[in-house]
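To keep things clear, I will list the structure first and then write my remarks on it.
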Amino acid sequence: MLKGAHRLHLLGAGGVPGSPRRVMGLDFPNPVGLAAGLDKNGDYIDALAALGFGFIEVGTVTPRPQPGNPRPRLFRLPEARAIINRMGFNNNGVDYLLARVRQARYRGVLGINIGKNADTPVERAADDYLIGLRKVYTAASYVTVNISSPNTANLRSLQEGAALTALLGRLKQEQQPLAVKIAPDLGAEAVAEMAAVICESGIDAVIATNTTLAREAVAQLPHGGETGGLSGAPLTRRATEVVSELHAVLRDTVPIIAAGGIMDGADALAKLRAGASLVQVYSGLIYRGPALVREVAATLAQAK
């Protein structure tokens with residue numbers, strides 16, 4: 001429907017205020033981005049850009065096409081304004097995504113989010129990330145390393161100590177700007193340790209956060225017990241806490257892109273006050289529609 005509306009010229013970014021920011025050496029017309037996961041294959045870049053986003057992140061994309069996890073794998077929990085997904089990096093592969101990026105007319109800031117194939121052993125994960133990075137870096141404004149999805153077996157182990165240092169070290173030799181996306185299901189001490197590694201590795205930005213495995217807020221709701229990552233309003237508070245914990249270590253040396261539970265302008269403003277430089281939305285867009293982009297952009301423009 002979005003693509004059809006764009007083709008009929010029914011979309012427009014009118015009413016989305018500009019609020020330029022310079023982050024990672026890139027110029028963003030406004031600080032409101034689309035988080036990875038909605039457009040995994042880059043099929044809707046131009047239509048999404050027409051909604052007024054300051055930047056768009058596509059993916060997660062893997063070196064080879066893969067179907068993802070068995071269906072059903074996506075569940076709405078409207079009472080909690082939440083979504084649970086266990087998609088499992090379903091995508092058409094990096095070569096397909098690159099073809100779609102080349103066909104798009106969009107010339108704004110474009111992030112490409114890369115991951116490993118499900119059948120690649122975690123011990124060889126760096127090989128998959130290097131394949132993805134080397135293929136996409138000329139097409140991307142920045143590249144995000146996704147090591148925090150809960151839906152690929154053992155993927156989150158790459159966030160730990162020596163594994164994280166080794167992975168980021170290999171990738172950073174190849175290309176910049178490079179961002180890393182982390183999980184919300186880490187204690188403050190673990191977040192601080194990750195922040196230190198990110199800083200030492202010369203990573204250009206950190207995205208906080210991915211979806212959560214926590215279920216306290218939705219356990220009694222229909223579908224609340226489904227496995228996968230929970231996003232939306234139940235994630236708002238914890239995601240903001242992680243931004244604050246990261247900023248306590250990073251200060252202003254590494255910019256933070258905040259994602260997780262941004263359902264209105266106030267949520268986005270709280271992320272910036274916690275230390276973020278930019279924000280990304282996904283589940284909020286599902287529940288609020290395109291008006292959320294305008295609202296968040298306006299709120300952050302007024303607060304600048």
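Starting from 1 in every chain, residues are counted up; chains themselves are A, B, ... following the order of the structure tokens, and ligands are numbered from 1 as listed.
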
List every residue of region 20-50 of chain A that has an atom at most 12 Å from any atom of region 206-210 of chain A, giving for each one its closest atom pair and the distance in Å to one decimal, counting only C-alpha atoms, sorted by chain and then by ascending residue number, as a tab-separated table.
```
residue	atom	partner	partner_atom	distance
A:Val23	CA	A:Val206	CA	11.5
A:Met24	CA	A:Val206	CA	10.6
A:Gly33	CA	A:Ile207	CA	11.6
A:Ala35	CA	A:Asn210	CA	9.5
A:Ala36	CA	A:Asn210	CA	9.6
A:Gly37	CA	A:Asn210	CA	10.3
```

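Backbone DSSP over region 86-201 of chain A gives strand (DSSP E or B) for Asn91, Val109, Leu110, Gly111, Ile112, Asn113, Ile114, Tyr142, Val143, Thr144, Val145, Asn146, Leu178, Ala179, Val180, Lys181 and Ile182 of chain A.
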
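Nearest-residue note for Pro31 (chain A): choosing from A:Leu250, A:Val122, A:Ile56, A:Leu8, the minimum distance belongs to A:Ile56, counting only C-alpha atoms.
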
Residue nearest Ala219 (chain A) - candidates A:Ala5, A:Ala166, A:Val94, A:Ile84, atoms counted: only C-alpha atoms: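 Once distances to Ala219 (chain A) are computed over only C-alpha atoms, the minimum belongs to A:Ile84.
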
What lies within 12 Å of region 170-177 of chain A using only C-alpha atoms, ignoring chain neighbours under 2 positions off, as a PyMOL selection string? chain A and resi 23-26+109-112+114+125-138+140-145+163-168+179-180+198-206+254-255

Determine the nearest neighbour of Ala274 (chain A) from the options A:Glu226, A:Glu295, A:Glu216, A:Glu241, counting only C-alpha atoms.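 Once distances to Ala274 (chain A) are computed over only C-alpha atoms, the minimum belongs to A:Glu241.
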
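Nearest residue to Val249 (chain A), choosing from A:Asp95, A:Asn90, A:Leu155, A:Ala188 and counting only C-alpha atoms: A:Ala188.
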
Polymer residues at most 10 Å from Leu77 (chain A), only C-alpha atoms, same-chain spacing of 3 or more positions, as a list in words: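 The residues satisfying every condition are Ala80, Arg81, Ala82, Ile83, Ile84, Val218, Leu221, Pro222, His223, Gly224, Leu230, Ser231 and Gly232 of chain A.
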
CA of Leu285 (chain A) and CA of Thr212 (chain A) are how many Å apart?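 Computing the Euclidean distance for CA of Leu285 (chain A) and CA of Thr212 (chain A) yields 18.0 Å.
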
Non-local contacts of Gly108 (chain A) (9 Å; only C-alpha atoms; under 3 positions in same chain excluded) as a ChimeraX atom specification: /A:27-29,49,54-56,141

Would you list, as a PyMOL selection string, the residues of region 71-280 of chain A that end up in helix (DSSP H, G or I) under DSSP run on this structure's backbone? chain A and resi 78-80+94-103+122-136+155-159+161-172+188-201+233-250+265-274

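Comparing A:Leu213, A:Ile45, A:Ala162, A:Leu51 by their smallest distance to Arg107 (chain A), the closest is A:Ile45 (using only C-alpha atoms).
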
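The closest residue to Glu79 (chain A), picked from A:Ala99, A:Ala217, A:Val296, A:Val242 and counting only C-alpha atoms, is A:Ala217.
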
Atom-to-atom span, CA of Phe53 (chain A) and CA of Tyr96 (chain A), Å: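 CA of Tyr96 (chain A) lies 23.2 Å from CA of Phe53 (chain A).
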
Find the residues around Thr240 (chain A) up to 9 Å (only C-alpha atoms counted), leave out those fewer than 3 positions away in its own chain, and share them as number ranges by chain. A: 208-209, 235-237, 243-245, 258-261, 267, 270-271, 274
